[in-house]
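Trainee: After the structure tokens below, expect a handful of questions from me.
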Amino acid sequence: MPIKTSQPLSYTSYYVEKRKTKRIFLKQMSSLIHWESVTNVLEKHYPTGQSGQGRKAYPALVLFKMILLQTWYNLSDYGIEEQVNDTLSFMRFCGLQLEDEVPDHSVVCRFRKALNQSGAWEVLLEQINSQLAGHGVLVKPGAISIVDASVTPTPRKPKGKSSYSLAEGQEPPLDKTRQPGVDQEARWVKKGGKLQYGYKRHYLAEAQEGLVLAVHTTPANVHDSQLLGDCLNKVKLPPRSRVLADKGYCSQANEALLHSKGLRSGIQRKAYRNKPLTRREKQYNKLVGKVRYKIERVFGSIKRWFGRLEARYVGMAKTHGQHVLEALAYNLYRLPGIIMSKT
């Protein structure tokens, strides 16, 4: 008797199923998050005019939800405008009706710029994480947290050899000539034997589900170990919490930093010249690695799910906003699945 196998979805069935999946996910997002609390944060950082003159301003929550959709589905500013106009599930998630006017791409761009300038992303991440904690999803980082960094390359890198110029009447040293279109705030770093030009995202995550608690952004040439304190300062960890990190963070300064904050060290040990790791240290590194991989999964998932392989904007402030938004979107994207796994 032949074994029955499931038939592959037809072209039409595939897109119907894909559309259904989007609709269910967005419906879950609408019900699981208390959006009024998010609105309160947005209105403090994105004030709209009250003069009554000119066109009525779009609600900040509508624009924020459009940026979330843009991140989840890897859309440009033009793309999100088109999708919210054409896709009913997107329109409903944003709280718009068929007769409502959809914000255009320029409004979305200005809204993102306003949040970057006001420093709203950090506050929004904290607000969303507090709601995740209320759902019992985000475990308070009293047990174990993980810190790590990943390079975000930018396509706006210098090309060819550097050139220098000397202005009339100027004494050496020469001025380095700026190439047009190059992100001047990014830097070079050698990673895996290859040179990359861009920025570095530093994430602090809780260890149970790997959800992001804090984000810090630097040029790519800044060493990971120098940013441990900056990440810890953004989240108040309870005393005796253990912080895991790879051997790149291994230094006496970081050990002293953790001790001064009343935290326990989970930094992997590093071998030095003429001082190889002992058997006990190797076993310790393996135990740390069995938990620390969860933050590597965060970086991989953001790249795979959201298609964010490089910096989309110019400058460190805008790239930091991208990093925080991706962390926030990642936490929300994981929320329904984590809740279902616990029931």
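Every chain in the structure tokens takes a letter, A first, then B, and so on in the order presented; its residues are numbered from 1, and the ligands are numbered from 1 following the presented order.
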Near segment 77-87 of chain A, counting only C-alpha atoms, which residues have an atom at most 9 Å away, once you skip same-chain residues fewer than 6 positions from it, shown as a PyMOL selection string?
Mentor: chain A and resi 66-67+69-70+94+96+98+101-106+108-109
Trainee: Can you check which residues of segment 146-326 of chain A DSSP gives as strand (DSSP E) on the backbone and send them as number ranges by chain?
Mentor: A: 146-153, 164-165, 175-176, 187-191, 194-206, 212-219, 242-245, 264-267
Trainee: Counting only C-alpha atoms, figure out which residue out of A:Phe90, A:Glu122, A:Val151, A:Lys27 gets nearest to Lys194 of chain A.
Mentor: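 Closest to Lys194 of chain A, using only C-alpha atoms: A:Val151.
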Trainee: For Ala120 of chain A, please output as an mmCIF file with N, CA and C atoms, in the first residue's frame all residues within 9 Å (counting only C-alpha atoms; exclusion window: fewer than 2 positions along the same chain).
Mentor:
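Generated output (around08.cif):
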```cif
data_model
loop_
_atom_site.group_PDB
_atom_site.id
_atom_site.type_symbol
_atom_site.label_atom_id
_atom_site.label_comp_id
_atom_site.auth_asym_id
_atom_site.auth_seq_id
_atom_site.Cartn_x
_atom_site.Cartn_y
_atom_site.Cartn_z
ATOM 1 N N VAL A 41 4.062 56.936 25.921
ATOM 2 C CA VAL A 41 5.496 57.163 25.717
ATOM 3 C C VAL A 41 5.730 57.937 24.428
ATOM 4 N N LEU A 42 5.039 57.539 23.373
ATOM 5 C CA LEU A 42 5.231 58.181 22.078
ATOM 6 C C LEU A 42 4.854 59.658 22.118
ATOM 7 N N LYS A 44 5.043 61.708 24.506
ATOM 8 C CA LYS A 44 6.035 62.510 25.221
ATOM 9 C C LYS A 44 7.242 62.828 24.339
ATOM 10 N N HIS A 45 7.514 61.954 23.380
ATOM 11 C CA HIS A 45 8.698 62.118 22.535
ATOM 12 C C HIS A 45 8.352 62.564 21.113
ATOM 13 N N TYR A 46 7.065 62.590 20.785
ATOM 14 C CA TYR A 46 6.660 63.019 19.451
ATOM 15 C C TYR A 46 5.441 63.935 19.584
ATOM 16 N N ALA A 114 12.426 61.889 14.291
ATOM 17 C CA ALA A 114 12.046 62.540 15.553
ATOM 18 C C ALA A 114 12.310 61.632 16.750
ATOM 19 N N LEU A 115 12.042 60.337 16.609
ATOM 20 C CA LEU A 115 12.303 59.401 17.703
ATOM 21 C C LEU A 115 13.802 59.245 17.928
ATOM 22 N N ASN A 116 14.585 59.278 16.855
ATOM 23 C CA ASN A 116 16.042 59.215 17.008
ATOM 24 C C ASN A 116 16.559 60.417 17.794
ATOM 25 N N GLN A 117 16.071 61.589 17.460
ATOM 26 C CA GLN A 117 16.554 62.816 18.091
ATOM 27 C C GLN A 117 16.113 62.934 19.544
ATOM 28 N N SER A 118 14.947 62.391 19.873
ATOM 29 C CA SER A 118 14.430 62.513 21.239
ATOM 30 C C SER A 118 14.894 61.390 22.160
ATOM 31 N N GLU A 122 15.016 53.820 23.499
ATOM 32 C CA GLU A 122 15.358 53.125 24.752
ATOM 33 C C GLU A 122 14.144 53.040 25.671
ATOM 34 N N VAL A 123 13.374 54.130 25.741
ATOM 35 C CA VAL A 123 12.190 54.164 26.604
ATOM 36 C C VAL A 123 11.128 53.205 26.086
ATOM 37 N N LEU A 124 10.981 53.128 24.767
ATOM 38 C CA LEU A 124 10.004 52.210 24.181
ATOM 39 C C LEU A 124 10.384 50.756 24.441
ATOM 40 N N LEU A 125 11.672 50.441 24.343
ATOM 41 C CA LEU A 125 12.122 49.076 24.640
ATOM 42 C C LEU A 125 11.826 48.727 26.094
ATOM 43 N N GLY A 321 19.296 53.685 16.575
ATOM 44 C CA GLY A 321 17.842 53.556 16.532
ATOM 45 C C GLY A 321 17.413 52.294 15.821
#
```
Trainee: May I ask which of the residues A:Phe93, A:Trp121, A:Trp72, A:Tyr199 is the closest one to Val314 of chain A, counting only C-alpha atoms?
Mentor: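 Result for the nearest residue to Val314 of chain A: A:Tyr199.
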Trainee: Between atom CA of Tyr313 of chain A and atom CA of Val298 of chain A, what is the distance, to one decimal in Å?
Mentor: 21.2 Å
Trainee: Determine, counting only C-alpha atoms, which protein, DNA and RNA residues have an atom within 10 Å of an atom of Leu328 of chain A; residues of the same chain fewer than 5 positions away are not included. Present the result as a PyMOL selection string.
Mentor: chain A and resi 68+71+121-122+124-129+211-215+322-323+333
Trainee: May I ask for the distance between atom CA of Val288 of chain A and atom CA of Glu310 of chain A, given in Å to one decimal place?
Mentor: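 Between atom CA of Val288 of chain A and atom CA of Glu310 of chain A the gap works out to 28.9 Å.
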Trainee: As a ChimeraX atom specification, please: the residues near Leu32 of chain A (cut-off 9 Å, only C-alpha atoms, same-chain neighbours under 5 positions excluded).
Mentor: /A:27,131,135,335-336
Trainee: Quick one: of A:His320, A:Arg292, A:Lys270, A:Lys191, who's nearest to Gln208 of chain A, counting only C-alpha atoms?
Mentor: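 Once distances to Gln208 of chain A are computed over only C-alpha atoms, the minimum belongs to A:Arg292.
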Trainee: For atom CA of Gln268 of chain A and atom CA of Ala245 of chain A, determine how far apart the two atoms are, in Å to one decimal place.
Mentor: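 Spanning atom CA of Gln268 of chain A to atom CA of Ala245 of chain A is a straight-line distance of 6.3 Å.
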Trainee: DSSP on the backbone: what in segment 5-161 of chain A comes out helix (DSSP H, G or I), as a VMD selection string?
Mentor: chain A and resid 11 to 32 35 to 45 60 to 72 77 to 86 88 to 93 105 to 118 120 to 134
Trainee: Would you mind telling me which residue in A:Thr39, A:Ser31, A:Ser301, A:Ser265 lies nearest to Tyr284 of chain A when using only C-alpha atoms?
Mentor: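 The answer is A:Ser265, which sits nearest to Tyr284 of chain A.
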Trainee: So that I can check the surroundings of Gly262 of chain A, please list as a tab-separated table (two decimals) with N, CA, C and O atoms, in the first residue's frame every protein, DNA and RNA residue that reaches within 10 Å of it, counting only C-alpha atoms and ignoring chain neighbours fewer than 3 positions away.
Mentor:
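Saved as out_6.tsv:
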```
chain	number	residue	atom	x	y	z
A	237	LEU	N	20.27	45.25	37.21
A	237	LEU	CA	20.25	43.83	37.55
A	237	LEU	C	20.27	43.66	39.07
A	237	LEU	O	21.02	44.34	39.76
A	238	PRO	N	19.45	42.75	39.59
A	238	PRO	CA	19.46	42.49	41.03
A	238	PRO	C	20.81	41.96	41.49
A	238	PRO	O	21.55	41.35	40.70
A	239	PRO	N	21.18	42.19	42.72
A	239	PRO	CA	22.44	41.66	43.25
A	239	PRO	C	22.54	40.15	43.09
A	239	PRO	O	21.54	39.44	43.12
A	240	ARG	N	23.75	39.69	42.90
A	240	ARG	CA	24.07	38.28	42.74
A	240	ARG	C	23.62	37.70	41.41
A	240	ARG	O	23.67	36.49	41.20
A	241	SER	N	23.15	38.53	40.48
A	241	SER	CA	22.87	38.04	39.13
A	241	SER	C	24.17	37.63	38.46
A	241	SER	O	25.21	38.23	38.69
A	242	ARG	N	24.09	36.62	37.64
A	242	ARG	CA	25.28	36.16	36.92
A	242	ARG	C	25.23	36.67	35.48
A	242	ARG	O	24.21	36.56	34.81
A	256	ALA	N	36.44	43.17	37.89
A	256	ALA	CA	36.31	44.16	38.97
A	256	ALA	C	35.00	44.93	38.83
A	256	ALA	O	34.35	45.26	39.83
A	257	LEU	N	34.59	45.22	37.58
A	257	LEU	CA	33.34	45.93	37.35
A	257	LEU	C	32.15	45.13	37.86
A	257	LEU	O	31.26	45.67	38.54
A	258	LEU	N	32.12	43.85	37.53
A	258	LEU	CA	31.01	43.00	38.00
A	258	LEU	C	30.99	42.92	39.52
A	258	LEU	O	29.93	42.98	40.15
A	259	HIS	N	32.16	42.80	40.11
A	259	HIS	CA	32.26	42.72	41.57
A	259	HIS	C	31.75	44.01	42.22
A	259	HIS	O	31.05	43.96	43.23
A	265	SER	N	30.36	36.78	38.02
A	265	SER	CA	30.95	36.67	36.69
A	265	SER	C	30.68	35.31	36.07
A	265	SER	O	30.83	34.26	36.70
```
Trainee: I'd like the contact shell of Gly95 of chain A - 10 Å cut-off, only C-alpha atoms, skipping same-chain residues fewer than 3 positions apart - returned as a PyMOL selection string.
Mentor: chain A and resi 30+59+61-62+65+89-92+100
Trainee: Which residue out of A:Pro47, A:Gly119, A:Pro158, A:Pro180 has the minimum interatomic distance to Ala317 of chain A when only C-alpha atoms are used?
Mentor: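 Of the candidates, the smallest distance to Ala317 of chain A is held by A:Gly119.
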